[in-house]
>>> print(open('structure-v8.cif').read())   # mmCIF, C-alpha atoms
data_upload
loop_
_atom_site.group_PDB
_atom_site.id
_atom_site.type_symbol
_atom_site.label_atom_id
_atom_site.label_comp_id
_atom_site.auth_asym_id
_atom_site.auth_seq_id
_atom_site.Cartn_x
_atom_site.Cartn_y
_atom_site.Cartn_z
ATOM 1 C CA MET A 1 98.489 -32.989 -3.471
ATOM 2 C CA ASP A 2 95.811 -30.355 -4.102
ATOM 3 C CA GLN A 3 96.924 -27.233 -2.236
ATOM 4 C CA LYS A 4 93.294 -26.142 -1.790
ATOM 5 C CA ALA A 5 91.785 -29.476 -0.695
ATOM 6 C CA PRO A 6 90.675 -29.597 2.939
ATOM 7 C CA GLN A 7 93.091 -31.385 5.264
ATOM 8 C CA VAL A 8 90.520 -31.653 8.073
ATOM 9 C CA ILE A 9 86.884 -32.299 7.215
ATOM 10 C CA VAL A 10 84.138 -32.287 9.847
ATOM 11 C CA VAL A 11 80.766 -33.960 9.329
ATOM 12 C CA GLY A 12 78.417 -32.662 11.986
ATOM 13 C CA SER A 13 76.167 -30.058 13.514
ATOM 14 C CA CYS A 14 75.671 -26.290 13.502
ATOM 15 C CA MET A 15 73.535 -24.633 16.174
ATOM 16 C CA THR A 16 72.627 -21.013 16.756
ATOM 17 C CA ASP A 17 72.714 -20.222 20.497
ATOM 18 C CA LEU A 18 70.116 -17.682 21.691
ATOM 19 C CA VAL A 19 71.256 -16.747 25.192
ATOM 20 C CA SER A 20 69.259 -14.719 27.745
ATOM 21 C CA VAL A 21 70.871 -13.758 31.056
ATOM 22 C CA THR A 22 68.358 -13.353 33.901
ATOM 23 C CA PRO A 23 68.490 -12.909 37.715
ATOM 24 C CA ARG A 24 66.679 -16.261 38.085
ATOM 25 C CA LEU A 25 64.977 -18.858 35.911
ATOM 26 C CA PRO A 26 61.284 -18.066 35.232
ATOM 27 C CA LYS A 27 58.494 -20.247 36.622
ATOM 28 C CA ALA A 28 55.881 -21.778 34.315
ATOM 29 C CA GLY A 29 53.791 -19.037 32.720
ATOM 30 C CA GLU A 30 55.946 -16.250 34.172
ATOM 31 C CA THR A 31 57.557 -13.390 32.253
ATOM 32 C CA ILE A 32 60.682 -11.867 33.789
ATOM 33 C CA HIS A 33 63.171 -9.207 32.679
ATOM 34 C CA GLY A 34 66.612 -10.323 31.579
ATOM 35 C CA SER A 35 69.788 -8.257 31.845
ATOM 36 C CA ASN A 36 71.533 -9.364 28.652
ATOM 37 C CA PHE A 37 70.911 -11.197 25.377
ATOM 38 C CA PHE A 38 73.314 -12.432 22.747
ATOM 39 C CA ILE A 39 73.419 -14.783 19.787
ATOM 40 C CA GLY A 40 76.326 -17.181 19.479
ATOM 41 C CA PHE A 41 77.501 -19.812 17.018
ATOM 42 C CA GLY A 42 77.585 -23.367 18.370
ATOM 43 C CA GLY A 43 77.058 -27.031 17.569
ATOM 44 C CA LYS A 44 79.780 -29.585 18.296
ATOM 45 C CA GLY A 45 80.755 -30.165 14.670
ATOM 46 C CA ALA A 46 81.047 -26.508 13.767
ATOM 47 C CA ASN A 47 82.909 -25.729 17.010
ATOM 48 C CA GLN A 48 85.514 -28.409 16.304
ATOM 49 C CA CYS A 49 85.918 -27.248 12.710
ATOM 50 C CA ILE A 50 86.323 -23.567 13.670
ATOM 51 C CA GLN A 51 89.004 -24.338 16.294
ATOM 52 C CA ALA A 52 90.995 -26.425 13.794
ATOM 53 C CA ALA A 53 90.713 -23.648 11.194
ATOM 54 C CA ARG A 54 91.944 -20.992 13.632
ATOM 55 C CA LEU A 55 95.118 -23.009 14.172
ATOM 56 C CA GLY A 56 95.930 -22.809 10.467
ATOM 57 C CA VAL A 57 94.783 -26.066 8.856
ATOM 58 C CA ARG A 58 92.596 -26.115 5.725
ATOM 59 C CA THR A 59 89.124 -27.216 6.841
ATOM 60 C CA ALA A 60 85.715 -27.991 5.348
ATOM 61 C CA MET A 61 82.350 -28.496 7.022
ATOM 62 C CA VAL A 62 79.713 -30.998 5.884
ATOM 63 C CA CYS A 63 76.444 -29.912 7.493
ATOM 64 C CA LYS A 64 72.934 -28.639 6.845
ATOM 65 C CA VAL A 65 71.319 -25.344 7.849
ATOM 66 C CA GLY A 66 67.929 -23.801 7.130
ATOM 67 C CA GLU A 67 67.081 -21.303 4.413
ATOM 68 C CA ASP A 68 66.729 -18.633 7.085
ATOM 69 C CA SER A 69 68.735 -15.748 8.519
ATOM 70 C CA PHE A 70 70.439 -18.036 11.064
ATOM 71 C CA GLY A 71 71.557 -20.338 8.252
ATOM 72 C CA ASN A 72 72.842 -17.434 6.155
ATOM 73 C CA ASN A 73 74.686 -16.015 9.169
ATOM 74 C CA TYR A 74 76.263 -19.389 9.934
ATOM 75 C CA ILE A 75 77.592 -19.736 6.391
ATOM 76 C CA GLU A 76 79.061 -16.235 6.741
ATOM 77 C CA ASN A 77 80.634 -17.272 10.065
ATOM 78 C CA PHE A 78 82.336 -20.230 8.378
ATOM 79 C CA LYS A 79 83.695 -17.988 5.613
ATOM 80 C CA ASN A 80 84.977 -15.456 8.172
ATOM 81 C CA ASN A 81 86.919 -18.327 9.784
ATOM 82 C CA HIS A 82 88.279 -19.585 6.434
ATOM 83 C CA VAL A 83 86.250 -22.799 6.524
ATOM 84 C CA CYS A 84 85.290 -24.220 3.104
ATOM 85 C CA THR A 85 81.481 -24.084 2.724
ATOM 86 C CA ASP A 86 81.173 -26.118 -0.502
ATOM 87 C CA TYR A 87 79.422 -28.906 1.437
ATOM 88 C CA VAL A 88 77.162 -26.781 3.632
ATOM 89 C CA GLY A 89 73.619 -27.477 2.448
ATOM 90 C CA GLN A 90 70.584 -25.267 2.963
ATOM 91 C CA THR A 91 67.060 -26.627 3.206
ATOM 92 C CA ALA A 92 63.597 -25.075 3.306
ATOM 93 C CA ALA A 93 62.249 -28.182 5.076
ATOM 94 C CA ALA A 94 63.527 -27.241 8.561
ATOM 95 C CA ALA A 95 64.944 -24.299 10.500
ATOM 96 C CA THR A 96 68.634 -23.978 11.332
ATOM 97 C CA GLY A 97 69.379 -25.861 14.558
ATOM 98 C CA ALA A 98 68.918 -23.625 17.577
ATOM 99 C CA ALA A 99 69.493 -23.682 21.324
ATOM 100 C CA SER A 100 67.417 -21.350 23.508
ATOM 101 C CA ILE A 101 69.453 -20.846 26.673
ATOM 102 C CA ILE A 102 68.453 -19.026 29.877
ATOM 103 C CA VAL A 103 71.283 -18.443 32.359
ATOM 104 C CA ASN A 104 70.696 -17.137 35.884
ATOM 105 C CA ALA A 105 72.998 -15.107 38.149
ATOM 106 C CA GLU A 106 74.493 -18.286 39.678
ATOM 107 C CA GLY A 107 75.355 -19.675 36.257
ATOM 108 C CA GLN A 108 72.585 -22.304 36.315
ATOM 109 C CA ASN A 109 70.806 -22.709 33.024
ATOM 110 C CA ALA A 110 67.737 -24.063 31.267
ATOM 111 C CA ILE A 111 68.250 -25.091 27.636
ATOM 112 C CA VAL A 112 65.883 -26.115 24.843
ATOM 113 C CA ILE A 113 67.622 -27.546 21.767
ATOM 114 C CA VAL A 114 65.856 -27.979 18.433
ATOM 115 C CA ALA A 115 68.151 -29.901 16.055
ATOM 116 C CA GLY A 116 66.171 -28.784 12.989
ATOM 117 C CA ALA A 117 68.114 -28.961 9.731
ATOM 118 C CA ASN A 118 70.945 -30.937 11.375
ATOM 119 C CA LEU A 119 68.780 -34.078 11.278
ATOM 120 C CA LEU A 120 68.215 -33.685 7.524
ATOM 121 C CA LEU A 121 71.892 -34.179 6.633
ATOM 122 C CA ASP A 122 71.781 -37.418 4.638
ATOM 123 C CA SER A 123 73.631 -39.886 2.405
ATOM 124 C CA ALA A 124 73.179 -37.652 -0.644
ATOM 125 C CA ASP A 125 74.993 -34.819 1.169
ATOM 126 C CA LEU A 126 77.824 -37.210 2.042
ATOM 127 C CA ALA A 127 78.028 -38.351 -1.583
ATOM 128 C CA LYS A 128 78.600 -34.732 -2.695
ATOM 129 C CA ALA A 129 81.480 -34.446 -0.212
ATOM 130 C CA SER A 130 82.875 -37.970 -0.734
ATOM 131 C CA ALA A 131 85.892 -36.937 -2.850
ATOM 132 C CA ALA A 132 86.852 -34.287 -0.261
ATOM 133 C CA ILE A 133 86.422 -36.800 2.586
ATOM 134 C CA ARG A 134 88.594 -39.380 0.814
ATOM 135 C CA GLY A 135 91.246 -36.758 0.084
ATOM 136 C CA ALA A 136 91.451 -35.341 3.626
ATOM 137 C CA GLN A 137 94.011 -36.298 6.246
ATOM 138 C CA VAL A 138 91.536 -36.238 9.145
ATOM 139 C CA MET A 139 87.751 -36.670 9.369
ATOM 140 C CA VAL A 140 85.838 -35.772 12.541
ATOM 141 C CA CYS A 141 82.232 -36.559 13.477
ATOM 142 C CA GLN A 142 79.900 -36.659 16.500
ATOM 143 C CA LEU A 143 76.281 -37.591 17.325
ATOM 144 C CA GLU A 144 74.386 -34.280 16.968
ATOM 145 C CA ILE A 145 73.332 -35.365 13.474
ATOM 146 C CA SER A 146 71.687 -38.704 12.593
ATOM 147 C CA PRO A 147 73.931 -41.499 13.977
ATOM 148 C CA GLN A 148 73.510 -43.444 10.717
ATOM 149 C CA VAL A 149 74.993 -40.531 8.744
ATOM 150 C CA SER A 150 77.894 -40.187 11.203
ATOM 151 C CA LEU A 151 78.650 -43.911 10.871
ATOM 152 C CA GLU A 152 78.465 -43.742 7.073
ATOM 153 C CA ALA A 153 80.941 -40.834 7.103
ATOM 154 C CA LEU A 154 83.287 -42.724 9.454
ATOM 155 C CA LYS A 155 83.239 -45.819 7.239
ATOM 156 C CA LEU A 156 83.876 -43.796 4.080
ATOM 157 C CA ALA A 157 86.883 -42.044 5.603
ATOM 158 C CA TYR A 158 88.283 -45.092 7.415
ATOM 159 C CA LYS A 159 88.175 -47.300 4.318
ATOM 160 C CA SER A 160 89.996 -44.565 2.392
ATOM 161 C CA GLY A 161 92.855 -44.503 4.915
ATOM 162 C CA VAL A 162 91.814 -41.139 6.374
ATOM 163 C CA LYS A 163 92.447 -40.770 10.130
ATOM 164 C CA THR A 164 89.086 -40.759 11.892
ATOM 165 C CA ILE A 165 88.220 -38.993 15.157
ATOM 166 C CA PHE A 166 84.851 -39.898 16.626
ATOM 167 C CA ASN A 167 83.342 -37.899 19.480
ATOM 168 C CA PRO A 168 80.306 -39.873 20.816
ATOM 169 C CA ALA A 169 78.445 -36.800 22.027
ATOM 170 C CA PRO A 170 75.706 -36.718 23.106
ATOM 171 C CA ALA A 171 76.369 -40.324 24.136
ATOM 172 C CA ILE A 172 73.901 -43.160 23.513
ATOM 173 C CA ALA A 173 74.241 -46.362 25.552
ATOM 174 C CA ASP A 174 73.512 -48.782 22.700
ATOM 175 C CA LEU A 175 76.034 -47.373 20.225
ATOM 176 C CA ASP A 176 76.423 -49.421 17.023
ATOM 177 C CA PRO A 177 79.587 -51.590 17.438
ATOM 178 C CA GLU A 178 80.840 -50.388 14.032
ATOM 179 C CA PHE A 179 81.486 -46.916 15.510
ATOM 180 C CA PHE A 180 84.303 -48.443 17.564
ATOM 181 C CA SER A 181 85.885 -50.467 14.771
ATOM 182 C CA HIS A 182 85.949 -47.460 12.401
ATOM 183 C CA SER A 183 87.429 -44.979 14.915
ATOM 184 C CA ASP A 184 91.177 -44.389 14.833
ATOM 185 C CA ILE A 185 90.672 -42.068 17.804
ATOM 186 C CA PHE A 186 87.600 -42.427 20.010
ATOM 187 C CA CYS A 187 87.365 -39.314 22.194
ATOM 188 C CA CYS A 188 84.779 -38.959 24.976
ATOM 189 C CA ASN A 189 84.432 -37.132 28.286
ATOM 190 C CA GLU A 190 83.757 -38.639 31.736
ATOM 191 C CA SER A 191 79.960 -38.755 31.489
ATOM 192 C CA GLU A 192 80.031 -40.140 27.937
ATOM 193 C CA ALA A 193 82.516 -42.840 29.005
ATOM 194 C CA GLU A 194 80.198 -43.809 31.866
ATOM 195 C CA ILE A 195 77.096 -44.006 29.618
ATOM 196 C CA LEU A 196 78.991 -46.192 27.110
ATOM 197 C CA THR A 197 80.665 -48.553 29.610
ATOM 198 C CA GLY A 198 78.614 -48.380 32.824
ATOM 199 C CA ILE A 199 81.839 -47.540 34.704
ATOM 200 C CA PRO A 200 81.460 -44.370 36.861
ATOM 201 C CA VAL A 201 84.344 -42.004 36.022
ATOM 202 C CA SER A 202 85.473 -39.591 38.739
ATOM 203 C CA GLY A 203 89.207 -39.370 38.018
ATOM 204 C CA PRO A 204 92.147 -40.669 35.983
ATOM 205 C CA GLN A 205 92.049 -44.227 37.386
ATOM 206 C CA ASP A 206 88.351 -44.727 36.493
ATOM 207 C CA ALA A 207 88.993 -43.114 33.105
ATOM 208 C CA GLY A 208 91.708 -45.687 32.470
ATOM 209 C CA SER A 209 89.302 -48.542 33.292
ATOM 210 C CA ALA A 210 86.586 -47.091 31.035
ATOM 211 C CA GLY A 211 89.123 -46.410 28.280
ATOM 212 C CA SER A 212 90.386 -50.009 28.447
ATOM 213 C CA ALA A 213 86.802 -51.299 28.151
ATOM 214 C CA LEU A 214 86.212 -49.115 25.076
ATOM 215 C CA LEU A 215 89.518 -50.193 23.526
ATOM 216 C CA GLN A 216 88.353 -53.812 23.633
ATOM 217 C CA ARG A 217 85.448 -52.877 21.358
ATOM 218 C CA GLY A 218 87.816 -52.254 18.446
ATOM 219 C CA CYS A 219 89.091 -48.648 18.662
ATOM 220 C CA HIS A 220 92.764 -47.949 17.947
ATOM 221 C CA VAL A 221 93.154 -45.147 20.515
ATOM 222 C CA VAL A 222 90.721 -44.067 23.253
ATOM 223 C CA LEU A 223 90.947 -40.633 24.873
ATOM 224 C CA VAL A 224 88.865 -39.880 27.965
ATOM 225 C CA THR A 225 88.919 -36.147 28.670
ATOM 226 C CA LEU A 226 88.672 -35.009 32.297
ATOM 227 C CA GLY A 227 88.252 -31.223 32.049
ATOM 228 C CA GLY A 228 90.754 -29.517 34.347
ATOM 229 C CA GLU A 229 92.392 -32.870 35.124
ATOM 230 C CA GLY A 230 93.551 -33.358 31.542
ATOM 231 C CA CYS A 231 93.088 -36.592 29.618
ATOM 232 C CA VAL A 232 93.720 -40.344 29.844
ATOM 233 C CA ILE A 233 95.057 -42.214 26.785
ATOM 234 C CA VAL A 234 94.669 -45.940 26.147
ATOM 235 C CA SER A 235 95.870 -47.416 22.841
ATOM 236 C CA LYS A 236 96.310 -50.764 21.115
ATOM 237 C CA ASP A 237 100.056 -50.080 20.883
ATOM 238 C CA ASP A 238 100.238 -49.231 24.592
ATOM 239 C CA PRO A 239 97.236 -50.602 26.528
ATOM 240 C CA THR A 240 98.486 -49.250 29.889
ATOM 241 C CA PRO A 241 96.424 -46.088 30.606
ATOM 242 C CA LYS A 242 98.490 -42.865 30.499
ATOM 243 C CA HIS A 243 97.311 -39.731 32.303
ATOM 244 C CA VAL A 244 98.303 -36.462 30.592
ATOM 245 C CA SER A 245 97.641 -33.620 33.030
ATOM 246 C CA THR A 246 96.996 -30.033 31.969
ATOM 247 C CA ASN A 247 98.091 -26.662 33.311
ATOM 248 C CA LYS A 248 95.848 -25.228 36.034
ATOM 249 C CA VAL A 249 93.962 -22.096 34.979
ATOM 250 C CA THR A 250 91.110 -20.009 36.355
ATOM 251 C CA ALA A 251 88.132 -20.903 34.200
ATOM 252 C CA VAL A 252 85.752 -18.133 33.116
ATOM 253 C CA ASP A 253 83.528 -20.303 30.896
ATOM 254 C CA THR A 254 84.115 -23.992 30.147
ATOM 255 C CA THR A 255 81.472 -24.195 27.394
ATOM 256 C CA GLY A 256 82.900 -25.799 24.268
ATOM 257 C CA ALA A 257 86.292 -26.674 25.796
ATOM 258 C CA GLY A 258 85.941 -30.303 24.705
ATOM 259 C CA ASP A 259 85.303 -29.166 21.135
ATOM 260 C CA SER A 260 88.361 -26.898 21.276
ATOM 261 C CA PHE A 261 90.417 -29.943 22.349
ATOM 262 C CA ILE A 262 89.130 -32.102 19.471
ATOM 263 C CA GLY A 263 89.615 -29.322 16.897
ATOM 264 C CA ALA A 264 93.205 -28.863 18.108
ATOM 265 C CA LEU A 265 93.824 -32.618 17.993
ATOM 266 C CA ALA A 266 92.593 -32.772 14.380
ATOM 267 C CA PHE A 267 94.985 -29.926 13.536
ATOM 268 C CA TYR A 268 97.966 -31.760 15.055
ATOM 269 C CA ILE A 269 97.182 -35.061 13.316
ATOM 270 C CA ALA A 270 96.991 -33.222 9.967
ATOM 271 C CA HIS A 271 99.944 -30.833 10.378
ATOM 272 C CA HIS A 272 102.268 -32.610 12.832
ATOM 273 C CA PRO A 273 101.728 -36.361 12.304
ATOM 274 C CA HIS A 274 105.278 -37.072 13.549
ATOM 275 C CA LEU A 275 104.315 -36.124 17.127
ATOM 276 C CA SER A 276 103.420 -38.866 19.623
ATOM 277 C CA ILE A 277 99.774 -39.066 20.668
ATOM 278 C CA GLU A 278 100.836 -37.973 24.189
ATOM 279 C CA GLU A 279 102.441 -34.805 22.810
ATOM 280 C CA MET A 280 99.414 -34.058 20.620
ATOM 281 C CA VAL A 281 97.131 -34.467 23.641
ATOM 282 C CA LYS A 282 99.364 -32.283 25.809
ATOM 283 C CA ARG A 283 99.293 -29.439 23.253
ATOM 284 C CA SER A 284 95.546 -29.839 22.605
ATOM 285 C CA ASN A 285 94.941 -29.714 26.390
ATOM 286 C CA PHE A 286 96.842 -26.428 26.497
ATOM 287 C CA ILE A 287 94.774 -24.894 23.660
ATOM 288 C CA ALA A 288 91.519 -25.974 25.365
ATOM 289 C CA SER A 289 92.778 -24.448 28.638
ATOM 290 C CA VAL A 290 93.220 -21.118 26.828
ATOM 291 C CA SER A 291 89.611 -21.309 25.581
ATOM 292 C CA VAL A 292 88.137 -21.640 29.108
ATOM 293 C CA GLN A 293 89.747 -18.346 30.147
ATOM 294 C CA ALA A 294 87.373 -16.329 27.928
ATOM 295 C CA ALA A 295 83.567 -16.160 27.726
ATOM 296 C CA GLY A 296 81.474 -17.822 25.054
ATOM 297 C CA THR A 297 82.054 -20.855 22.872
ATOM 298 C CA GLN A 298 83.624 -20.051 19.485
ATOM 299 C CA THR A 299 84.363 -16.502 20.685
ATOM 300 C CA SER A 300 86.786 -18.045 23.214
ATOM 301 C CA TYR A 301 88.711 -20.188 20.714
ATOM 302 C CA PRO A 302 92.286 -18.962 20.250
ATOM 303 C CA TYR A 303 93.950 -18.174 16.925
ATOM 304 C CA ARG A 304 97.399 -19.481 16.075
ATOM 305 C CA LYS A 305 98.910 -15.968 16.248
ATOM 306 C CA ASP A 306 97.758 -15.574 19.878
ATOM 307 C CA LEU A 307 99.374 -18.799 21.134
ATOM 308 C CA PRO A 308 103.002 -19.623 22.077
ATOM 309 C CA GLN A 309 104.669 -20.489 18.772
ATOM 310 C CA ASP A 310 106.667 -23.402 20.214
ATOM 311 C CA ILE A 311 103.499 -25.520 20.289
ATOM 312 C CA PHE A 312 103.528 -25.415 16.473
ATOM 313 C CA SER A 313 107.006 -26.858 16.005
#
>>> encode(input="structure-v8.cif", output="structure tokens")
Amino acid sequence: MDQKAPQVIVVGSCMTDLVSVTPRLPKAGETIHGSNFFIGFGGKGANQCIQAARLGVRTAMVCKVGEDSFGNNYIENFKNNHVCTDYVGQTAAAATGAASIIVNAEGQNAIVIVAGANLLLDSADLAKASAAIRGAQVMVCQLEISPQVSLEALKLAYKSGVKTIFNPAPAIADLDPEFFSHSDIFCCNESEAEILTGIPVSGPQDAGSAGSALLQRGCHVVLVTLGGEGCVIVSKDDPTPKHVSTNKVTAVDTTGAGDSFIGALAFYIAHHPHLSIEEMVKRSNFIASVSVQAAGTQTSYPYRKDLPQDIFS
């Protein structure tokens, strides 16, 4: 096996977060003074890839950014996190995806997202990365790029025997049925599960019902994440829903915790395939719980060296 080939490959989005902290949200036409401003790296795909990389697995990102300073900075961010950038395209036809975020003193926010270059990732970009996708152990994708491109990536990986993780976020109610049949692991949160199944999810029991409904659509394993309440697993091998709780922590910032969980899960499937899915979920829950104890998205994601080493054995 090629010692430099990516073990985890993520096909998905990159977003630059432009965050302004203000005492309150401005009214229409109003200018107010903010107390703080910072630029962060986000996007579900990139978040998941960065968390996997920080745990020590070889990763690559398949995505598209603009030929602008945000795009250049994002490529640098990937390199700083040891993510392979061979399949990161740059285009002059659109700006790098960006989220303008205003947060008030109570933590309420107003967000404008412009997907930009993310929506220009296409079949030709996938073709360039096809050998790397086929050679990976795990392929992860979401819905912040064109759904058709995500599905094409899932099919390519699945047919090559690569383990696929699909995160249907942001969820769409009329999801193509082929997403289910090409997902080894279908991982959604409570609100996404509700949009996809019509079953309101307010706890582990509801999550089990929603997970069972999703399983019937052709997935191999369904994970419904419940934030501080952990995760419910339903699988073809064991269709009885299993609730895996997580350790209680004081959350500082929950942004990106779901992406931390998925990145950790991809790491475990690639590096520790002998573990049961319950054990992988338990350890991924723990890593996500570490991320919520620090501010920011990728800035909160832990590195392997900062975690208890027994979760890597």
>>> resolve_selection(input="structure-v8.cif", expression="the PyMOL selection byres ((chain A and resi 176) around 12)", output="VMD selection string")
chain A and resid 143 147 to 148 150 to 152 168 171 to 175 177 to 182 196 217 to 218
>>> write_last_selection(input="structure-v8.cif", atoms="C-alpha atoms", output="mmCIF file, in the frame of the given file")
data_model
loop_
_atom_site.group_PDB
_atom_site.id
_atom_site.type_symbol
_atom_site.label_atom_id
_atom_site.label_comp_id
_atom_site.auth_asym_id
_atom_site.auth_seq_id
_atom_site.Cartn_x
_atom_site.Cartn_y
_atom_site.Cartn_z
ATOM 1 C CA LEU A 143 76.281 -37.591 17.325
ATOM 2 C CA PRO A 147 73.931 -41.499 13.977
ATOM 3 C CA GLN A 148 73.510 -43.444 10.717
ATOM 4 C CA SER A 150 77.894 -40.187 11.203
ATOM 5 C CA LEU A 151 78.650 -43.911 10.871
ATOM 6 C CA GLU A 152 78.465 -43.742 7.073
ATOM 7 C CA PRO A 168 80.306 -39.873 20.816
ATOM 8 C CA ALA A 171 76.369 -40.324 24.136
ATOM 9 C CA ILE A 172 73.901 -43.160 23.513
ATOM 10 C CA ALA A 173 74.241 -46.362 25.552
ATOM 11 C CA ASP A 174 73.512 -48.782 22.700
ATOM 12 C CA LEU A 175 76.034 -47.373 20.225
ATOM 13 C CA PRO A 177 79.587 -51.590 17.438
ATOM 14 C CA GLU A 178 80.840 -50.388 14.032
ATOM 15 C CA PHE A 179 81.486 -46.916 15.510
ATOM 16 C CA PHE A 180 84.303 -48.443 17.564
ATOM 17 C CA SER A 181 85.885 -50.467 14.771
ATOM 18 C CA HIS A 182 85.949 -47.460 12.401
ATOM 19 C CA LEU A 196 78.991 -46.192 27.110
ATOM 20 C CA ARG A 217 85.448 -52.877 21.358
ATOM 21 C CA GLY A 218 87.816 -52.254 18.446
#
>>> residues_around(input="structure-v8.cif", residues="region 283-294 of chain A", least_positions_apart="3", cutoff="6 Å", atoms="all atoms listed in the file", output="MDAnalysis selection string")
chainID A and resid 246 251:254 257 260:261 264:265 280 300:301
>>> closest_residue(input="structure-v8.cif", among="A:Leu119, A:Ile111, A:Cys14, A:Ile185", to="Tyr74 (chain A)", atoms="only C-alpha atoms")
A:Cys14
>>> resolve_selection(input="structure-v8.cif", expression="the PyMOL selection byres ((chain A and resi 71) around 10)", output="JSON, numbers by chain")
{"A": [14, 15, 16, 64, 65, 66, 67, 68, 69, 70, 72, 73, 74, 75, 76, 77, 88, 89, 90, 91, 95, 96, 97, 117]}
>>> resolve_selection(input="structure-v8.cif", expression="the PyMOL selection byres ((chain A and resi 6) around 9)", output="PyMOL selection string")
chain A and resi 2-5+7-9+57-60+83-84+132-133+135-137
>>> closest_residue(input="structure-v8.cif", among="A:Gly198, A:Gly116, A:Gly42, A:Gly34", to="Ile102 (chain A)", atoms="all atoms listed in the file")
A:Gly34
>>> residues_around(input="structure-v8.cif", residues="Ser191 (chain A)", least_positions_apart="5", cutoff="12 Å", atoms="all atoms listed in the file", output="list of chain:residue names")
A:Pro168, A:Ala169, A:Pro170, A:Ala171, A:Ile172, A:Ala173, A:Leu196, A:Thr197, A:Gly198, A:Ile199, A:Pro200, A:Val201, A:Ser202, A:Gly203, A:Asp206, A:Ala207, A:Ala210, A:Val224, A:Thr225, A:Leu226, A:Gly227
>>> atom_distance(input="structure-v8.cif", atom1="CA of Gly107 (chain A)", atom2="CA of Asp259 (chain A)")
20.4 Å
>>> atom_distance(input="structure-v8.cif", atom1="CA of Tyr158 (chain A)", atom2="CA of Ala131 (chain A)")
13.3 Å
>>> closest_residue(input="structure-v8.cif", among="A:Glu144, A:Leu126, A:Thr250, A:Met139", to="Ile165 (chain A)", atoms="all atoms listed in the file")
A:Met139
>>> axis_aligned_box(input="structure-v8.cif", around="region 112-120 of chain A", padding_each_side="5 Å", output="JSON")
{"center_x": 68.4, "center_y": -30.1, "center_z": 16.2, "size_x": 15.1, "size_y": 18.0, "size_z": 27.3}
>>> closest_residue(input="structure-v8.cif", among="A:Ala129, A:Ala105, A:Ala92, A:Leu223", to="Cys63 (chain A)", atoms="only C-alpha atoms")
A:Ala129
>>> residues_around(input="structure-v8.cif", residues="Asn104 (chain A)", least_positions_apart="4", cutoff="9 Å", atoms="all atoms listed in the file", output="ChimeraX atom specification")
/A:20-25,108-110
>>> write_last_selection(input="structure-v8.cif", atoms="C-alpha atoms", output="PDB file, keeping the file's coordinate frame")
ATOM      1  CA  SER A  20      69.259 -14.719  27.745  1.00  0.00           C
ATOM      2  CA  VAL A  21      70.871 -13.758  31.056  1.00  0.00           C
ATOM      3  CA  THR A  22      68.358 -13.353  33.901  1.00  0.00           C
ATOM      4  CA  PRO A  23      68.490 -12.909  37.715  1.00  0.00           C
ATOM      5  CA  ARG A  24      66.679 -16.261  38.085  1.00  0.00           C
ATOM      6  CA  LEU A  25      64.977 -18.858  35.911  1.00  0.00           C
ATOM      7  CA  GLN A 108      72.585 -22.304  36.315  1.00  0.00           C
ATOM      8  CA  ASN A 109      70.806 -22.709  33.024  1.00  0.00           C
ATOM      9  CA  ALA A 110      67.737 -24.063  31.267  1.00  0.00           C
TER      10      ALA A 110
END
>>> residues_near_point(input="structure-v8.cif", point="(71.1, -28.4, 22.5)", cutoff="9 Å", atoms="all atoms listed in the file", output="PyMOL selection string")
chain A and resi 15+17+43+97-101+111-115+144
>>> residues_around(input="structure-v8.cif", residues="Asn167 (chain A)", least_positions_apart="3", cutoff="6 Å", atoms="all atoms listed in the file", output="MDAnalysis selection string")
chainID A and resid 142 187:188
>>> atom_distance(input="structure-v8.cif", atom1="CA of Ser313 (chain A)", atom2="CA of Asn80 (chain A)")
26.0 Å
